[in-house]
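Listing of final_32.txt; format and content: compact mmCIF, C-alpha atoms.
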```
# COMPACT_ATOMS: atom_id res chain seq x y z
CA MET A 1 -13.46 9.88 90.54
CA ILE A 2 -15.90 11.78 92.66
CA SER A 3 -15.62 15.40 93.69
CA SER A 4 -14.28 15.54 97.23
CA ASP A 5 -16.24 18.69 98.04
CA VAL A 6 -19.51 16.82 97.63
CA ILE A 7 -18.57 13.76 99.63
CA ARG A 8 -17.08 15.75 102.49
CA GLY A 9 -20.48 16.72 103.85
CA TYR A 10 -21.50 13.07 103.97
CA THR A 11 -18.65 11.29 105.71
CA ASP A 12 -20.69 11.29 108.93
CA THR A 13 -23.66 9.74 107.16
CA ILE A 14 -21.48 7.09 105.51
CA ILE A 15 -19.82 5.98 108.72
CA LEU A 16 -22.94 6.06 110.87
CA SER A 17 -24.78 4.02 108.24
CA LEU A 18 -22.14 1.34 108.25
CA LEU A 19 -22.22 1.16 112.05
CA ARG A 20 -26.00 1.06 112.16
CA ASN A 21 -26.27 -2.70 112.59
CA GLN A 22 -23.13 -3.68 114.45
CA PRO A 23 -20.02 -2.10 115.96
CA GLY A 24 -16.92 -1.94 113.81
CA TYR A 25 -13.29 -0.84 113.73
CA GLY A 26 -11.37 1.50 111.45
CA TYR A 27 -10.10 -0.67 108.67
CA GLU A 28 -13.26 -2.77 108.61
CA ILE A 29 -15.30 0.34 107.82
CA SER A 30 -12.79 1.52 105.25
CA ARG A 31 -12.87 -1.86 103.51
CA GLN A 32 -16.66 -1.92 103.50
CA ILE A 33 -16.77 1.53 101.90
CA SER A 34 -14.39 0.43 99.15
CA ALA A 35 -16.23 -2.85 98.61
CA ILE A 36 -19.74 -1.38 98.56
CA THR A 37 -18.73 1.41 96.19
CA GLU A 38 -16.71 -1.02 94.04
CA GLN A 39 -13.57 1.04 94.71
CA LYS A 40 -15.21 4.17 93.34
CA PHE A 41 -14.66 5.79 96.68
CA VAL A 42 -11.78 5.11 99.01
CA MET A 43 -11.94 6.88 102.33
CA ARG A 44 -8.59 8.07 103.58
CA GLU A 45 -7.35 7.00 106.98
CA THR A 46 -7.11 10.59 108.16
CA THR A 47 -10.68 11.29 107.04
CA LEU A 48 -11.89 8.15 108.71
CA TYR A 49 -10.18 8.91 111.98
CA SER A 50 -11.26 12.56 112.02
CA THR A 51 -14.82 11.50 111.45
CA PHE A 52 -14.78 8.84 114.18
CA ASN A 53 -13.28 11.33 116.53
CA ARG A 54 -15.76 14.07 115.74
CA LEU A 55 -18.75 11.73 115.96
CA GLU A 56 -17.56 10.39 119.29
CA HIS A 57 -17.01 13.90 120.56
CA ASN A 58 -20.58 14.81 119.63
CA GLY A 59 -21.93 11.74 121.38
CA TYR A 60 -23.02 9.96 118.21
CA LEU A 61 -20.50 7.16 118.62
CA ARG A 62 -19.03 5.40 121.61
CA SER A 63 -15.70 3.63 121.46
CA PHE A 64 -14.42 0.60 123.34
CA TYR A 65 -11.42 -1.65 123.15
CA GLY A 66 -11.82 -5.12 121.79
CA THR A 67 -9.10 -7.73 122.01
CA GLU A 68 -8.18 -9.61 118.89
CA SER A 69 -7.13 -13.24 118.73
CA ASN A 70 -3.49 -12.16 118.42
CA GLY A 71 -3.74 -10.29 121.72
CA LYS A 72 -3.69 -6.82 120.19
CA ARG A 73 -6.26 -4.33 121.33
CA ARG A 74 -8.30 -2.55 118.78
CA THR A 75 -10.71 0.39 119.02
CA TYR A 76 -14.27 -0.46 118.09
CA TYR A 77 -17.00 2.08 117.52
CA GLU A 78 -20.66 1.67 118.28
CA ILE A 79 -23.55 3.93 117.36
CA THR A 80 -25.46 5.63 120.21
CA PRO A 81 -29.19 6.47 120.26
CA GLU A 82 -28.22 10.11 119.56
CA GLY A 83 -26.20 8.82 116.65
CA ARG A 84 -29.20 6.99 115.26
CA ALA A 85 -31.34 10.11 115.53
CA TYR A 86 -28.61 12.15 113.83
CA LEU A 87 -28.25 9.54 111.06
CA LYS A 88 -31.99 9.67 110.46
CA GLU A 89 -31.76 13.44 110.10
CA LYS A 90 -28.79 13.20 107.76
CA ILE A 91 -30.53 10.63 105.58
CA ALA A 92 -33.60 12.86 105.36
CA GLU A 93 -31.33 15.75 104.47
CA TRP A 94 -29.69 13.70 101.73
CA GLU A 95 -33.06 12.65 100.31
CA LEU A 96 -34.08 16.29 100.15
CA THR A 97 -30.76 17.36 98.63
CA LYS A 98 -31.00 14.62 96.03
CA GLU A 99 -34.57 15.56 95.20
CA ILE A 100 -33.74 19.24 94.83
CA ILE A 101 -30.71 18.68 92.61
CA GLU A 102 -32.54 16.08 90.54
CA LYS A 103 -35.44 18.46 89.99
CA ILE A 104 -33.14 21.20 88.85
CA ILE A 105 -30.87 19.22 86.56
CA ARG A 106 -33.48 17.02 84.88
CA MET B 107 5.72 -2.57 106.98
CA ASP B 108 8.68 -0.68 108.45
CA ALA B 109 8.28 1.90 105.73
CA ILE B 110 4.73 2.54 106.87
CA LYS B 111 5.79 2.85 110.50
CA SER B 112 8.52 5.33 109.71
CA TYR B 113 6.18 7.28 107.46
CA LEU B 114 3.77 7.68 110.34
CA GLU B 115 6.57 8.48 112.79
CA ASN B 116 7.75 11.26 110.51
CA MET B 117 4.26 12.63 110.17
CA PHE B 118 3.88 12.89 113.91
CA LEU B 119 7.46 13.89 114.68
CA HIS B 120 6.82 17.55 115.33
CA LEU B 121 3.44 17.29 116.96
CA PRO B 122 2.95 17.74 120.68
CA LYS B 123 2.52 14.39 122.46
CA THR B 124 -0.92 14.98 123.89
CA ASN B 125 -3.25 12.07 124.63
CA GLU B 126 -5.38 12.98 121.65
CA VAL B 127 -2.39 12.92 119.33
CA LEU B 128 -1.05 9.63 120.67
CA ARG B 129 -4.42 8.00 120.38
CA ALA B 130 -4.80 9.17 116.79
CA LYS B 131 -1.36 7.86 115.96
CA GLU B 132 -2.05 4.49 117.49
CA GLU B 133 -5.31 4.10 115.69
CA LEU B 134 -3.98 5.29 112.36
CA ALA B 135 -1.11 2.83 112.73
CA GLN B 136 -3.64 0.06 113.34
CA MET B 137 -5.68 0.98 110.30
CA MET B 138 -2.60 1.13 108.11
CA GLU B 139 -1.36 -2.19 109.40
CA ASP B 140 -4.75 -3.81 108.77
CA LYS B 141 -4.85 -2.46 105.26
CA TYR B 142 -1.29 -3.56 104.62
CA ASN B 143 -2.01 -7.11 105.83
CA GLN B 144 -5.14 -7.28 103.74
CA LEU B 145 -3.28 -6.16 100.60
CA ARG B 146 -0.49 -8.65 101.23
CA SER B 147 -2.99 -11.46 101.71
CA GLU B 148 -4.50 -10.50 98.35
CA GLY B 149 -1.11 -11.16 96.81
CA ARG B 150 0.36 -7.65 96.48
CA THR B 151 4.09 -7.28 96.81
CA GLU B 152 5.58 -5.49 99.79
CA ASN B 153 6.22 -2.41 97.68
CA GLU B 154 2.77 -2.29 96.17
CA ALA B 155 1.12 -2.66 99.54
CA VAL B 156 3.27 0.01 101.20
CA GLY B 157 2.74 2.35 98.26
CA GLN B 158 -1.01 2.00 98.32
CA VAL B 159 -1.28 2.38 102.09
CA ILE B 160 0.82 5.53 102.08
CA SER B 161 -0.88 7.08 99.08
CA GLU B 162 -4.31 6.54 100.57
CA PHE B 163 -3.36 7.79 104.02
CA GLY B 164 -4.52 11.37 103.60
CA ASN B 165 -3.00 14.43 105.20
CA LEU B 166 -2.30 15.79 108.63
CA GLU B 167 -4.15 18.98 108.08
CA GLU B 168 -7.38 17.08 108.07
CA LEU B 169 -6.55 15.67 111.49
CA ALA B 170 -5.46 18.99 112.89
CA GLU B 171 -8.86 20.25 113.91
CA THR B 172 -9.75 16.92 115.47
CA LEU B 173 -6.56 16.80 117.45
CA GLY B 174 -6.89 20.35 118.68
CA ILE B 175 -3.59 21.35 117.13
CA PRO B 176 -4.49 23.35 114.03
CA GLN B 177 -1.84 25.97 114.72
CA GLU B 178 1.09 23.55 114.89
CA VAL B 179 0.07 21.82 111.69
CA LYS B 180 -0.43 25.10 109.96
CA ASP B 181 3.04 26.24 110.93
CA LEU B 182 4.43 22.97 109.73
CA GLU B 183 2.63 22.87 106.44
CA SER B 184 2.57 26.43 105.27
CA GLU B 185 5.92 27.99 105.90
CA THR B 186 5.39 29.59 102.54
CA GLN B 187 2.29 30.97 100.95
CA HIS B 188 0.01 28.60 99.09
CA ILE B 189 -2.60 28.86 96.42
CA THR B 190 -5.60 26.76 97.26
CA MET B 191 -7.52 25.38 94.31
CA THR B 192 -10.81 23.52 94.20
CA ASP B 193 -11.86 20.82 91.75
CA SER B 194 -13.56 23.21 89.41
CA GLU B 195 -10.69 25.71 89.49
CA VAL B 196 -8.30 22.93 88.57
CA GLU B 197 -10.54 21.81 85.70
CA ARG B 198 -10.76 25.37 84.51
CA TYR B 199 -7.03 25.88 84.72
CA LEU B 200 -6.28 22.73 82.72
CA GLN B 201 -8.81 23.87 80.14
CA VAL B 202 -7.32 27.37 79.86
CA SER B 203 -3.81 26.03 79.65
CA LYS B 204 -4.83 23.71 76.83
CA GLU B 205 -6.51 26.57 74.99
CA THR B 206 -3.61 29.01 75.36
CA SER B 207 -1.05 26.44 74.25
CA LYS B 208 -3.14 25.75 71.16
CA GLN B 209 -3.34 29.46 70.47
CA VAL B 210 0.41 29.96 70.80
CA ALA B 211 0.99 26.91 68.60
CA SER B 212 -1.33 28.24 65.92
CA GLY B 213 0.29 31.68 66.13
CA VAL B 214 3.70 30.15 65.46
CA ALA B 215 2.22 27.99 62.70
CA ILE B 216 0.71 31.09 61.05
CA ILE B 217 4.12 32.81 60.98
CA LEU B 218 5.85 29.74 59.58
CA LEU B 219 3.15 29.29 56.96
CA GLY B 220 3.63 32.95 55.99
CA VAL B 221 7.31 32.25 55.41
CA ALA B 222 6.45 29.08 53.51
CA ILE B 223 4.17 31.10 51.22
CA LEU B 224 6.89 33.72 50.71
CA ILE B 225 9.38 31.05 49.73
CA PHE B 226 6.84 29.34 47.51
CA LEU B 227 6.15 32.62 45.68
CA ASN B 228 9.87 33.15 45.30
CA ALA B 229 10.12 29.67 43.84
CA LEU B 230 7.40 30.53 41.34
CA ALA B 231 9.34 33.67 40.42
CA GLU B 232 12.40 31.50 39.96
CA ARG B 233 10.38 29.44 37.48
CA GLY B 234 9.30 32.58 35.70
CA VAL B 235 5.64 32.13 36.58
CA LEU B 236 5.63 35.40 38.50
CA ALA B 237 7.73 38.54 38.24
CA GLU B 238 10.32 38.54 41.01
CA ASN B 239 9.33 41.89 42.52
CA ILE B 240 5.65 40.97 42.53
CA ALA B 241 6.40 37.64 44.21
CA GLN B 242 8.43 39.37 46.89
CA ALA B 243 5.92 42.15 47.46
CA MET B 244 3.08 39.67 47.83
CA GLY B 245 5.11 37.27 49.93
CA VAL B 246 6.57 39.82 52.33
CA GLY B 247 3.33 41.79 52.57
CA GLY B 248 1.40 38.62 53.29
CA LEU B 249 3.97 37.52 55.84
CA LEU B 250 3.78 40.82 57.70
CA LEU B 251 -0.01 40.61 57.82
CA LEU B 252 0.18 37.08 59.15
CA ILE B 253 2.75 38.13 61.76
CA ALA B 254 0.39 40.87 62.90
CA LEU B 255 -2.36 38.26 63.23
CA ALA B 256 -0.02 35.94 65.15
CA VAL B 257 1.01 38.72 67.53
CA TYR B 258 -2.65 39.44 68.19
CA ILE B 259 -3.17 35.75 69.00
CA PHE B 260 -0.11 35.70 71.29
CA ILE B 261 -1.41 38.70 73.20
CA MET B 262 -4.86 37.17 73.59
CA ALA B 263 -3.33 33.91 74.82
CA GLY B 264 -1.09 35.81 77.22
CA MET B 265 -4.02 37.69 78.70
CA LYS B 266 -5.98 34.51 79.18
CA GLY B 267 -3.08 32.82 80.93
CA GLU B 268 -2.16 35.84 83.05
CA LYS B 269 -4.58 34.89 85.78
CA TYR B 270 -2.63 31.73 86.45
CA GLU B 271 0.84 33.19 86.36
CA GLN B 272 1.36 32.90 90.08
CA LEU B 273 1.09 29.12 89.81
CA GLU B 274 4.59 29.27 88.38
CA THR B 275 6.12 30.63 91.55
CA THR B 276 3.73 29.78 94.37
CA PRO B 277 3.09 26.26 95.62
CA VAL B 278 -0.36 24.93 94.94
CA LYS B 279 -2.38 23.29 97.61
CA ILE B 280 -5.12 20.94 96.59
CA ASP B 281 -7.18 18.28 98.20
CA PRO B 282 -5.47 14.87 98.37
CA TYR B 283 -8.24 13.22 96.33
CA LEU B 284 -7.73 15.76 93.61
CA HIS B 285 -3.97 15.48 93.88
CA ASP B 286 -4.22 11.76 93.18
CA ARG B 287 -6.52 12.31 90.28
CA ILE B 288 -4.15 14.80 88.68
CA ALA B 289 -1.20 12.51 89.34
CA GLN B 290 -3.08 9.75 87.53
CA MET B 291 -3.85 12.06 84.64
CA LYS B 292 -0.18 12.99 84.44
CA GLU B 293 0.95 9.36 84.48
CA GLY B 294 -1.64 8.59 81.82
CA TYR B 295 -0.35 11.39 79.67
CA ARG B 296 3.35 10.51 80.00
CA PRO B 297 3.54 7.99 77.11
CA GLY B 298 1.60 10.33 74.83
CA PHE B 299 3.90 13.16 75.79
CA ALA B 300 7.01 11.14 74.93
CA ARG B 301 5.46 10.09 71.61
CA ARG B 302 4.63 13.67 70.69
CA ILE B 303 8.09 15.03 71.49
CA ALA B 304 9.73 12.17 69.60
CA GLY B 305 7.27 12.60 66.74
CA GLY B 306 7.99 16.31 66.51
CA VAL B 307 11.75 15.74 66.45
CA ALA B 308 11.32 13.00 63.81
CA ILE B 309 9.19 15.27 61.60
CA ILE B 310 11.82 18.01 61.68
CA LEU B 311 14.72 15.65 61.09
CA LEU B 312 13.02 13.85 58.20
CA SER B 313 12.24 17.05 56.37
CA VAL B 314 15.75 18.39 56.97
CA VAL B 315 17.25 15.13 55.73
CA ALA B 316 15.09 15.30 52.60
CA LEU B 317 16.18 18.87 51.99
CA VAL B 318 19.88 18.25 52.59
CA THR B 319 19.89 15.11 50.44
CA VAL B 320 18.36 16.96 47.51
CA ALA B 321 20.75 19.88 48.02
CA ILE B 322 23.84 17.66 48.13
CA LEU B 323 22.85 15.43 45.22
CA GLU B 324 21.90 18.55 43.25
CA VAL B 325 19.04 16.62 41.69
CA GLY B 326 16.19 19.06 41.58
CA GLY B 327 17.56 22.51 40.96
CA ASP B 328 16.61 25.65 42.86
CA PHE B 329 12.88 25.30 42.28
CA THR B 330 12.64 21.85 43.90
CA LEU B 331 14.88 22.98 46.72
CA MET B 332 12.69 25.95 47.52
CA LEU B 333 9.57 23.81 47.43
CA LEU B 334 11.27 21.51 49.91
CA VAL B 335 12.09 24.47 52.14
CA ALA B 336 8.44 25.51 52.04
CA GLY B 337 7.49 21.93 52.90
CA LEU B 338 10.02 21.92 55.73
CA LEU B 339 8.40 25.02 57.19
CA VAL B 340 5.02 23.34 57.18
CA ALA B 341 6.58 20.31 58.89
CA VAL B 342 8.26 22.55 61.48
CA ALA B 343 4.94 24.29 62.14
CA LEU B 344 3.41 20.89 62.84
CA ALA B 345 6.29 19.84 65.09
CA VAL B 346 6.24 23.11 67.02
CA GLY B 347 2.54 22.58 67.59
CA LEU B 348 3.25 19.13 69.02
CA PHE B 349 6.00 20.47 71.29
CA ILE B 350 4.00 23.37 72.61
CA THR B 351 0.73 21.60 73.29
CA SER B 352 2.25 18.49 74.83
CA SER B 353 4.83 20.22 77.01
CA SER B 354 2.40 22.82 78.24
CA GLN B 355 -0.05 20.09 79.27
CA MET B 356 2.70 18.29 81.15
CA GLU B 357 3.75 21.55 82.77
CA ALA B 358 0.20 22.28 83.82
CA TYR B 359 0.14 18.94 85.70
CA ASP B 360 3.54 19.68 87.22
CA LYS B 361 2.42 23.08 88.40
CA LEU B 362 -0.65 21.65 90.08
CA LEU B 363 1.33 18.84 91.69
CA ASN B 364 4.32 21.02 92.57
CA GLU B 365 6.52 18.59 90.67
CA GLY B 366 9.14 18.66 87.90
CA ASP B 367 10.36 22.22 87.45
CA TYR B 368 7.76 23.35 89.93
CA THR B 369 8.71 21.64 93.18
CA LEU B 370 8.27 23.50 96.44
CA GLN B 371 12.03 24.06 96.62
CA HIS B 372 12.29 25.86 93.34
CA LYS B 373 9.05 27.00 91.91
CA SER B 374 10.37 29.19 89.18
CA GLY B 375 10.97 29.25 85.49
CA ASN B 376 8.17 28.45 83.11
CA SER B 377 6.49 26.51 80.45
CA PHE B 378 9.45 26.37 78.17
CA ALA B 379 8.22 25.48 74.72
CA GLU B 380 5.21 27.75 75.04
CA LYS B 381 7.08 30.82 76.21
CA ILE B 382 10.14 30.45 74.03
CA SER B 383 8.53 29.56 70.69
CA SER B 384 6.89 32.82 69.78
CA PRO B 385 9.98 35.01 70.41
CA TYR B 386 12.24 32.37 68.90
CA TRP B 387 10.41 32.10 65.60
CA MET B 388 9.80 35.84 65.33
CA LEU B 389 13.52 36.39 65.81
CA VAL B 390 14.31 33.87 63.08
CA VAL B 391 11.83 35.60 60.75
CA ALA B 392 13.47 38.94 61.52
CA ILE B 393 16.96 37.58 60.78
CA TYR B 394 15.70 35.92 57.62
CA LEU B 395 14.01 39.04 56.26
CA THR B 396 16.88 41.36 57.19
CA TRP B 397 19.47 39.13 55.63
CA SER B 398 17.41 38.53 52.50
CA PHE B 399 16.69 42.23 51.93
CA ILE B 400 20.03 43.76 52.86
CA SER B 401 22.18 41.33 50.90
CA ASP B 402 19.45 40.50 48.37
CA ALA B 403 20.18 36.92 49.34
CA TRP B 404 16.79 35.32 48.66
CA GLY B 405 18.49 32.50 46.82
CA ILE B 406 20.46 31.33 49.84
CA SER B 407 18.87 32.85 52.97
CA TRP B 408 16.34 29.99 53.19
CA ILE B 409 19.20 27.97 54.70
CA ILE B 410 18.20 29.63 58.01
CA TRP B 411 15.04 27.52 58.16
CA PRO B 412 16.45 24.01 58.31
CA ILE B 413 19.04 25.25 60.82
CA ALA B 414 16.44 26.98 62.97
CA GLY B 415 14.20 23.92 62.75
CA VAL B 416 16.88 21.50 63.88
CA LEU B 417 17.98 23.84 66.65
CA PHE B 418 14.42 24.16 67.92
CA GLY B 419 13.90 20.40 67.77
CA LEU B 420 17.09 19.94 69.75
CA ILE B 421 16.08 22.45 72.41
CA ALA B 422 12.62 20.93 72.71
CA ALA B 423 13.97 17.39 72.94
CA ILE B 424 16.55 18.33 75.57
CA SER B 425 14.16 20.34 77.70
CA GLY B 426 11.57 17.59 77.24
CA SER B 427 13.75 14.75 78.42
CA PHE B 428 15.89 16.44 81.05
CA GLY B 429 13.16 18.53 82.56
CA ARG B 430 11.04 15.48 83.27
CA GLN B 431 13.35 13.35 85.29
```
As structure tokens, what does this structure read like?
Amino acid sequence: MISSDVIRGYTDTIILSLLRNQPGYGYEISRQISAITEQKFVMRETTLYSTFNRLEHNGYLRSFYGTESNGKRRTYYEITPEGRAYLKEKIAEWELTKEIIEKIIR
Amino acid sequence: MDAIKSYLENMFLHLPKTNEVLRAKEELAQMMEDKYNQLRSEGRTENEAVGQVISEFGNLEELAETLGIPQEVKDLESETQHITMTDSEVERYLQVSKETSKQVASGVAIILLGVAILIFLNALAERGVLAENIAQAMGVGGLLLLIALAVYIFIMAGMKGEKYEQLETTPVKIDPYLHDRIAQMKEGYRPGFARRIAGGVAIILLSVVALVTVAILEVGGDFTLMLLVAGLLVAVALAVGLFITSSSQMEAYDKLLNEGDYTLQHKSGNSFAEKISSPYWMLVVAIYLTWSFISDAWGISWIIWPIAGVLFGLIAAISGSFGRQ
């Protein structure tokens, strides 16, 4: 199990990365996170929603309704150009963080 | 699925019905439904799916900021004062609690071993190997020294644990990830806990049965009997160690999770075996020494030990099984 303090600063990065190539909806993202991390990290619904909401508020994501085959509407999220720029920054920040910590602990 | 819906309804019951809040609720409901359907399609039972969805949901506080309602949630969640603990504080607390319980257990073991030595020396005197007054002087003197050592250990353990005393009365607030992890640790420890309590009770009972059988059959004479009493004390020391360390570990989990004896409704009382054992065994030693000296009853006063052992086993077993329901 991973320390939640560490991951908290990177929920934005995680979600933006997964939306980098195509729009997605809540559970889809959550399932991808679990699958990619082989269940080592499960993002909570409240975390997921808070992050979507914050990213949208900051203009990094844009949401729209998509209609499913069963007629239900579902909120999809799509990354904006600002979001891409922000993701790039966050990835650079992570690389630097990783490098610094690695240097110190090795 | 209804269980999930009503869970969410309850969560949102006291929140203002702003657009932000309603949107969050709708979307959370969608996510939970999707996850539920996925789990069911993977072959989970209704209960398993509902359980997993609810346990992975998270908490409202996290949403509060997003929804622009931090104050309402705060009022809702913290009607009483909380202690907030981080990962490393929790690790540290579990470590300290393990250490102090080991210290208390070894303190009690030292006292019981002191008594065992005293009885063993008396047995030697009985045999004529040692003069009776020398045996008693050495035994009692040694016991008092060991008690002093044990008291020192108790005080050190108490000081170490003092920092965390408020966990006994104040609810603990920890991150949901951490909460789950501790809950898993507790579940993982449960079988071991049951085995240790049962093992401790069995150790005491076996040694008492051995002692009583020999006493009733009158096979061994006083010397054998006293050796058995000394052996019983060693067994009790072992059992007490098992009780103290296992129950204090369980209680540490309960305190962190606000469960068991430490629910939000009644966070009071404390780590039973750990707190009671040192005064209990010191009291028994005091009664034993007083009785033996005043009535010069060294030949019979050892009877206190099997009784005290069984009584302690009983208390530990009862508090162990009833306290954990």
Give me, as number ranges by chain, the residues of chain A touching chain B, with the criterion being at most 6 Å (counting all atoms listed in the file). A: 26-27, 44-46, 50
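Remark: for Ser384 in chain B, the closest of the candidate residues B:Ala211, B:Ile189, B:Ile424, B:Leu323 is B:Ala211 (distances computed over all atoms listed in the file).
Among the candidate residues B:Glu195, B:Glu380, B:Leu252, B:Pro297, the one lying nearest to Val221 in chain B is B:Leu252, with distances computed using all atoms listed in the file.
The gap separating CA of Ala155 in chain B from CA of Ile280 in chain B is 24.6 Å, in Å to one decimal.
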Within 10 Å of Asn228 in chain B using only C-alpha atoms, minus same-chain residues under 5 positions, as a ChimeraX atom specification: /B:222-223,233-242,244-245,329,332-333,404-405
Between A:Val6, A:Ala92, A:Leu87, A:Leu19, which has the minimum distance to Ser63 in chain A (counting all atoms listed in the file)?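 Distance minimum relative to Ser63 in chain A lands on A:Leu19.
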Who sits within 8 Å of range 337-348 of chain B, all atoms listed in the file, same chain under 4 positions skipped, as a ChimeraX atom specification: /B:208,211-212,214-215,218-219,221-222,302-303,305-307,309-310,313-314,317,333,352,383,411-412,415
Excluding same-chain residues fewer than 3 positions from Gly83 in chain A, what lies within 10 Å of it counting only C-alpha atoms, as a list in words? Asp12, Thr13, Leu16, Ser17, Leu19, Arg20, Leu55, Glu56, Asn58, Gly59, Tyr60, Leu61, Arg62, Glu78, Ile79, Thr80, Tyr86, Leu87, Lys88 and Glu89 of chain A
In Å, rounded to a single decimal, give me how far CA of Val318 in chain B is from CA of Leu250 in chain B. 28.2 Å
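CA of Met291 in chain B lies 19.4 Å from CA of Asp5 in chain A.
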A:Arg8, A:Arg74, A:Arg106, A:Lys98: which is nearest Thr47 in chain A, counting all atoms listed in the file?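 Going through A:Arg8, A:Arg74, A:Arg106, A:Lys98 one by one, the smallest distance to Thr47 in chain A is for A:Arg8.
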